[in-house]
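Okay, structure first, notes after.
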Amino acid sequence: MTVTNEAKATHEVELSSTAAEKVRSLLQQEGRDDLRLRVAVQPGGCSGLIYQLYFDERQLDGDAVRDYDGVEVIVDRMSVPYLGGSTIDFADTIEKQGFTIDNPNAGGSCACGDSFH
């Protein structure tokens, strides 16, 4: 009898409690409990790389997963090194509203703050 322990890959992206609560709220509004928050880095923007945050029902081979009190955050294999140590938060103030990513790996960003290198 062969026993295999398939350990899921994990990542070092932190999700603040405020962001986790907002994700739960959005999923509740959608009436879906089968979605996860996917965080990725894609080529683009004026500084070279852009963040992608979206809900995904898929879990792909090589995805790294962490659970934050019932909110699963998935990072694809290629994005893990770019996002290590990052923190995702949610702001709802007069100055800004939406999810923010504080990434210690970003060497710089463009003036609009939408892309980094």
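Here's how to read the names in the structure tokens: chain A, B, ... by the order shown, residue numbers from 1 in each chain, ligand numbers from 1 in the order shown.
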
Item to check | Picked from chain A by DSSP as strand (DSSP E or B), as a PyMOL selection string | outcome: chain A and resi 14-15+36-43+49-56+64-68+71-75+87-92+97-102+109+115-116

Close residues, stretch 23-31 of chain A itself excluded, 12 Å, only C-alpha atoms, min 2 positions apart in chain, as a compact mmCIF listing (two decimals) with all heavy atoms, in the first residue's frame:
```
# COMPACT_ATOMS: atom_id res chain seq x y z
N LEU A 15 -3.39 38.64 3.91
CA LEU A 15 -4.67 39.28 3.67
C LEU A 15 -5.12 39.87 4.99
O LEU A 15 -5.30 39.14 5.97
CB LEU A 15 -5.69 38.25 3.16
CG LEU A 15 -7.05 38.77 2.74
CD1 LEU A 15 -6.93 39.63 1.47
CD2 LEU A 15 -8.02 37.62 2.49
N SER A 16 -5.28 41.20 5.04
CA SER A 16 -5.69 41.83 6.29
C SER A 16 -7.10 41.40 6.66
O SER A 16 -7.87 40.94 5.81
CB SER A 16 -5.63 43.36 6.16
OG SER A 16 -6.71 43.83 5.37
N SER A 17 -7.45 41.54 7.92
CA SER A 17 -8.80 41.16 8.35
C SER A 17 -9.85 42.04 7.68
O SER A 17 -10.94 41.56 7.36
CB SER A 17 -8.91 41.24 9.87
OG SER A 17 -8.60 42.54 10.34
N THR A 18 -9.52 43.31 7.41
CA THR A 18 -10.45 44.21 6.72
C THR A 18 -10.68 43.72 5.29
O THR A 18 -11.82 43.68 4.81
CB THR A 18 -9.89 45.65 6.69
OG1 THR A 18 -9.61 46.06 8.03
CG2 THR A 18 -10.86 46.61 6.04
N ALA A 19 -9.61 43.33 4.61
CA ALA A 19 -9.73 42.83 3.23
C ALA A 19 -10.49 41.50 3.21
O ALA A 19 -11.33 41.27 2.34
CB ALA A 19 -8.35 42.67 2.60
N ALA A 20 -10.21 40.62 4.18
CA ALA A 20 -10.91 39.33 4.24
C ALA A 20 -12.41 39.55 4.43
O ALA A 20 -13.23 38.88 3.79
CB ALA A 20 -10.34 38.47 5.36
N GLU A 21 -12.77 40.49 5.28
CA GLU A 21 -14.18 40.79 5.51
C GLU A 21 -14.84 41.34 4.25
O GLU A 21 -15.98 40.98 3.92
CB GLU A 21 -14.34 41.78 6.67
CG GLU A 21 -15.76 42.01 7.09
CD GLU A 21 -16.51 40.73 7.45
OE1 GLU A 21 -15.93 39.85 8.11
OE2 GLU A 21 -17.68 40.59 7.04
N ASP A 33 -20.22 30.48 -2.92
CA ASP A 33 -19.28 30.03 -1.90
C ASP A 33 -18.19 29.14 -2.50
O ASP A 33 -17.40 28.54 -1.78
CB ASP A 33 -20.00 29.31 -0.75
CG ASP A 33 -20.73 28.07 -1.22
OD1 ASP A 33 -20.70 27.75 -2.43
OD2 ASP A 33 -21.35 27.41 -0.37
N ASP A 34 -18.15 29.11 -3.83
CA ASP A 34 -17.16 28.27 -4.53
C ASP A 34 -16.04 29.09 -5.15
O ASP A 34 -15.22 28.56 -5.89
CB ASP A 34 -17.85 27.46 -5.63
CG ASP A 34 -18.48 28.33 -6.70
OD1 ASP A 34 -18.90 29.47 -6.39
OD2 ASP A 34 -18.57 27.88 -7.86
N LEU A 35 -15.97 30.39 -4.84
CA LEU A 35 -14.96 31.26 -5.44
C LEU A 35 -13.83 31.54 -4.47
O LEU A 35 -14.03 31.58 -3.27
CB LEU A 35 -15.60 32.57 -5.90
CG LEU A 35 -16.67 32.48 -6.96
CD1 LEU A 35 -17.28 33.85 -7.22
CD2 LEU A 35 -16.11 31.88 -8.24
N ARG A 36 -12.66 31.78 -5.03
CA ARG A 36 -11.46 32.14 -4.27
C ARG A 36 -10.93 33.46 -4.82
O ARG A 36 -11.16 33.78 -5.98
CB ARG A 36 -10.38 31.07 -4.45
CG ARG A 36 -10.79 29.70 -3.98
CD ARG A 36 -9.89 28.65 -4.64
NE ARG A 36 -10.29 27.31 -4.29
CZ ARG A 36 -11.19 26.60 -4.95
NH1 ARG A 36 -11.79 27.09 -6.01
NH2 ARG A 36 -11.50 25.38 -4.56
N LEU A 37 -10.17 34.18 -4.01
CA LEU A 37 -9.53 35.40 -4.48
C LEU A 37 -8.20 35.01 -5.11
O LEU A 37 -7.33 34.46 -4.45
CB LEU A 37 -9.30 36.37 -3.32
CG LEU A 37 -8.62 37.68 -3.70
CD1 LEU A 37 -9.53 38.50 -4.63
CD2 LEU A 37 -8.29 38.49 -2.46
N ARG A 38 -8.07 35.29 -6.40
CA ARG A 38 -6.82 35.00 -7.11
C ARG A 38 -6.04 36.31 -7.23
O ARG A 38 -6.57 37.34 -7.62
CB ARG A 38 -7.09 34.42 -8.49
CG ARG A 38 -5.79 34.08 -9.22
CD ARG A 38 -6.02 33.34 -10.51
NE ARG A 38 -6.51 31.99 -10.31
CZ ARG A 38 -5.73 30.94 -10.03
NH1 ARG A 38 -4.42 31.10 -9.90
NH2 ARG A 38 -6.25 29.74 -9.90
N LEU A 53 -6.39 41.09 -9.42
CA LEU A 53 -7.15 40.52 -8.31
C LEU A 53 -8.53 40.20 -8.86
O LEU A 53 -9.20 41.10 -9.38
CB LEU A 53 -7.31 41.53 -7.17
CG LEU A 53 -6.26 41.55 -6.08
CD1 LEU A 53 -5.05 42.30 -6.55
CD2 LEU A 53 -6.83 42.16 -4.84
N TYR A 54 -8.94 38.96 -8.74
CA TYR A 54 -10.26 38.59 -9.22
C TYR A 54 -10.71 37.29 -8.56
O TYR A 54 -9.91 36.55 -8.00
CB TYR A 54 -10.30 38.48 -10.74
CG TYR A 54 -9.33 37.49 -11.34
CD1 TYR A 54 -9.72 36.19 -11.64
CD2 TYR A 54 -8.01 37.85 -11.62
CE1 TYR A 54 -8.83 35.28 -12.20
CE2 TYR A 54 -7.12 36.95 -12.17
CZ TYR A 54 -7.53 35.67 -12.46
OH TYR A 54 -6.65 34.77 -13.01
N PHE A 55 -12.00 37.04 -8.62
CA PHE A 55 -12.54 35.80 -8.09
C PHE A 55 -12.42 34.71 -9.13
O PHE A 55 -12.66 34.94 -10.30
CB PHE A 55 -14.01 35.98 -7.67
CG PHE A 55 -14.16 36.88 -6.48
CD1 PHE A 55 -14.94 38.02 -6.56
CD2 PHE A 55 -13.53 36.59 -5.29
CE1 PHE A 55 -15.09 38.85 -5.47
CE2 PHE A 55 -13.66 37.43 -4.19
CZ PHE A 55 -14.45 38.55 -4.28
N ASP A 56 -12.05 33.53 -8.68
CA ASP A 56 -11.83 32.41 -9.59
C ASP A 56 -12.39 31.15 -8.95
O ASP A 56 -12.17 30.90 -7.76
CB ASP A 56 -10.33 32.26 -9.85
CG ASP A 56 -10.01 31.43 -11.07
OD1 ASP A 56 -10.91 30.77 -11.61
OD2 ASP A 56 -8.84 31.43 -11.48
N GLU A 57 -13.09 30.36 -9.73
CA GLU A 57 -13.60 29.10 -9.22
C GLU A 57 -12.61 27.96 -9.46
O GLU A 57 -12.74 26.89 -8.89
CB GLU A 57 -14.95 28.75 -9.85
CG GLU A 57 -14.91 28.66 -11.35
CD GLU A 57 -16.30 28.60 -11.97
OE1 GLU A 57 -17.28 28.96 -11.32
OE2 GLU A 57 -16.36 28.20 -13.14
N TYR A 68 -7.69 32.28 4.91
CA TYR A 68 -7.81 33.32 5.93
C TYR A 68 -9.23 33.28 6.47
O TYR A 68 -10.11 33.96 5.94
CB TYR A 68 -7.47 34.70 5.35
CG TYR A 68 -6.04 34.80 4.89
CD1 TYR A 68 -5.69 34.47 3.59
CD2 TYR A 68 -5.05 35.18 5.78
CE1 TYR A 68 -4.37 34.53 3.19
CE2 TYR A 68 -3.72 35.25 5.37
CZ TYR A 68 -3.39 34.93 4.08
OH TYR A 68 -2.09 34.97 3.67
N ASP A 69 -9.45 32.47 7.48
CA ASP A 69 -10.77 32.32 8.10
C ASP A 69 -11.87 32.11 7.07
O ASP A 69 -12.88 32.82 7.06
CB ASP A 69 -11.09 33.53 8.99
CG ASP A 69 -10.15 33.64 10.18
OD1 ASP A 69 -9.78 32.59 10.73
OD2 ASP A 69 -9.79 34.77 10.55
N GLY A 70 -11.66 31.17 6.17
CA GLY A 70 -12.67 30.83 5.18
C GLY A 70 -12.53 31.54 3.85
O GLY A 70 -13.26 31.25 2.91
N VAL A 71 -11.60 32.48 3.74
CA VAL A 71 -11.34 33.16 2.48
C VAL A 71 -10.05 32.59 1.91
O VAL A 71 -8.98 32.77 2.50
CB VAL A 71 -11.21 34.69 2.66
CG1 VAL A 71 -10.80 35.35 1.36
CG2 VAL A 71 -12.50 35.29 3.18
N GLU A 72 -10.15 31.87 0.80
CA GLU A 72 -8.96 31.30 0.18
C GLU A 72 -8.34 32.32 -0.78
O GLU A 72 -9.04 32.92 -1.59
CB GLU A 72 -9.31 30.03 -0.60
CG GLU A 72 -9.45 28.83 0.28
CD GLU A 72 -9.57 27.55 -0.52
OE1 GLU A 72 -10.08 27.59 -1.65
OE2 GLU A 72 -9.14 26.52 -0.01
N VAL A 73 -7.04 32.49 -0.65
CA VAL A 73 -6.28 33.36 -1.55
C VAL A 73 -5.34 32.45 -2.34
O VAL A 73 -4.57 31.67 -1.76
CB VAL A 73 -5.48 34.42 -0.76
CG1 VAL A 73 -4.63 35.25 -1.72
CG2 VAL A 73 -6.41 35.31 0.03
N ILE A 88 -2.31 42.47 1.32
CA ILE A 88 -3.49 43.00 0.65
C ILE A 88 -4.41 43.57 1.72
O ILE A 88 -4.72 42.90 2.71
CB ILE A 88 -4.23 41.90 -0.14
CG1 ILE A 88 -3.31 41.30 -1.20
CG2 ILE A 88 -5.50 42.46 -0.76
CD1 ILE A 88 -3.89 40.09 -1.90
N ASP A 89 -4.83 44.81 1.52
CA ASP A 89 -5.71 45.47 2.47
C ASP A 89 -6.88 46.06 1.69
O ASP A 89 -6.87 46.07 0.46
CB ASP A 89 -4.95 46.57 3.21
CG ASP A 89 -5.63 46.99 4.51
OD1 ASP A 89 -6.67 46.39 4.88
OD2 ASP A 89 -5.14 47.94 5.15
N PHE A 90 -7.87 46.56 2.40
CA PHE A 90 -8.99 47.24 1.77
C PHE A 90 -9.17 48.57 2.45
O PHE A 90 -9.22 48.67 3.68
CB PHE A 90 -10.28 46.42 1.86
CG PHE A 90 -11.43 47.06 1.14
CD1 PHE A 90 -11.54 46.94 -0.24
CD2 PHE A 90 -12.37 47.80 1.83
CE1 PHE A 90 -12.57 47.55 -0.91
CE2 PHE A 90 -13.42 48.42 1.15
CZ PHE A 90 -13.52 48.29 -0.22
N GLY A 98 -10.97 50.76 -2.19
CA GLY A 98 -10.62 49.58 -2.94
C GLY A 98 -9.51 48.80 -2.28
O GLY A 98 -9.02 49.16 -1.21
N PHE A 99 -9.13 47.72 -2.95
CA PHE A 99 -8.06 46.87 -2.45
C PHE A 99 -6.72 47.51 -2.76
O PHE A 99 -6.53 48.10 -3.82
CB PHE A 99 -8.14 45.48 -3.09
CG PHE A 99 -9.31 44.68 -2.58
CD1 PHE A 99 -10.48 44.64 -3.31
CD2 PHE A 99 -9.24 43.98 -1.40
CE1 PHE A 99 -11.57 43.91 -2.85
CE2 PHE A 99 -10.31 43.25 -0.93
CZ PHE A 99 -11.48 43.22 -1.66
```

Item to check | Between atom CA of A:Gly48 and atom CA of A:Asp102 - distance in Å to one decimal | outcome: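 Here the two named atoms are 16.9 Å from each other.
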
Item to check | DSSP-assigned alpha helix (DSSP H) members of stretch 1-109 of chain A, reported as a list in words | outcome: Ser17, Thr18, Ala19, Ala20, Glu21, Lys22, Val23, Arg24, Ser25, Leu26, Leu27, Gln28, Gln29, Glu30, Val80, Pro81, Tyr82 and Leu83 of chain A

Would you save the residues from that selection as a compact mmCIF listing (two decimals), in the first residue's frame, using C-alpha atoms?
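Contents of selection.txt, freshly written:
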```txt
# COMPACT_ATOMS: atom_id res chain seq x y z
CA SER A 17 -8.80 41.16 8.35
CA THR A 18 -10.45 44.21 6.72
CA ALA A 19 -9.73 42.83 3.23
CA ALA A 20 -10.91 39.33 4.24
CA GLU A 21 -14.18 40.79 5.51
CA LYS A 22 -14.68 42.73 2.25
CA VAL A 23 -14.02 39.57 0.20
CA ARG A 24 -16.57 37.66 2.34
CA SER A 25 -19.08 40.46 1.81
CA LEU A 26 -18.57 40.48 -1.97
CA LEU A 27 -18.92 36.70 -2.17
CA GLN A 28 -22.10 36.87 -0.10
CA GLN A 29 -23.51 39.51 -2.47
CA GLU A 30 -22.72 37.19 -5.38
CA VAL A 80 4.66 33.73 -6.07
CA PRO A 81 8.21 35.21 -6.18
CA TYR A 82 6.91 38.67 -7.14
CA LEU A 83 4.34 38.74 -4.33
```

Item to check | Nearby residues (only C-alpha atoms) at most 8 Å from A:Gln52, same-chain spacing under 4 positions excluded, as a list in words | outcome: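 Within the cut-off, the hits are Arg38, Val39, Ala40, Val41 and Gln42 of chain A.
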
Taking N, CA and C atoms for each residue, export the selection above as an mmCIF file, in the first residue's frame.
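Output saved as selection14.cif:
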```
data_model
loop_
_atom_site.group_PDB
_atom_site.id
_atom_site.type_symbol
_atom_site.label_atom_id
_atom_site.label_comp_id
_atom_site.auth_asym_id
_atom_site.auth_seq_id
_atom_site.Cartn_x
_atom_site.Cartn_y
_atom_site.Cartn_z
ATOM 1 N N ARG A 38 -8.072 35.290 -6.398
ATOM 2 C CA ARG A 38 -6.823 35.005 -7.105
ATOM 3 C C ARG A 38 -6.038 36.309 -7.227
ATOM 4 N N VAL A 39 -4.755 36.233 -6.877
ATOM 5 C CA VAL A 39 -3.842 37.373 -6.983
ATOM 6 C C VAL A 39 -2.738 36.955 -7.939
ATOM 7 N N ALA A 40 -2.483 37.796 -8.934
ATOM 8 C CA ALA A 40 -1.478 37.454 -9.938
ATOM 9 C C ALA A 40 -0.725 38.705 -10.368
ATOM 10 N N VAL A 41 0.418 38.480 -10.962
ATOM 11 C CA VAL A 41 1.224 39.534 -11.565
ATOM 12 C C VAL A 41 1.275 39.239 -13.053
ATOM 13 N N GLN A 42 0.975 40.246 -13.863
ATOM 14 C CA GLN A 42 0.965 40.094 -15.319
ATOM 15 C C GLN A 42 1.835 41.184 -15.945
#
```

Next on the checklist: Report, in Å to a single decimal, how far apart atom CA of A:Val75 and atom CA of A:Asp63 are.
Outcome noted: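 Computed distance, atom CA of A:Asp63 to atom CA of A:Val75, equals 5.7 Å.
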
Item to check | Option closest in space to A:Ile101, from A:Ile74, A:Val65, A:Ser86, A:Leu60 [counting only C-alpha atoms] | outcome: A:Ser86

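Proximity to A:Asp67 was assessed for A:Leu49, A:Thr93, A:Ala9, A:Asn103 counting only C-alpha atoms; the smallest distance is recorded for A:Ala9.
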
Checklist outcome for this item: Here atom CA of A:Gly62 and atom CA of A:Thr100 stand apart by 24.9 Å
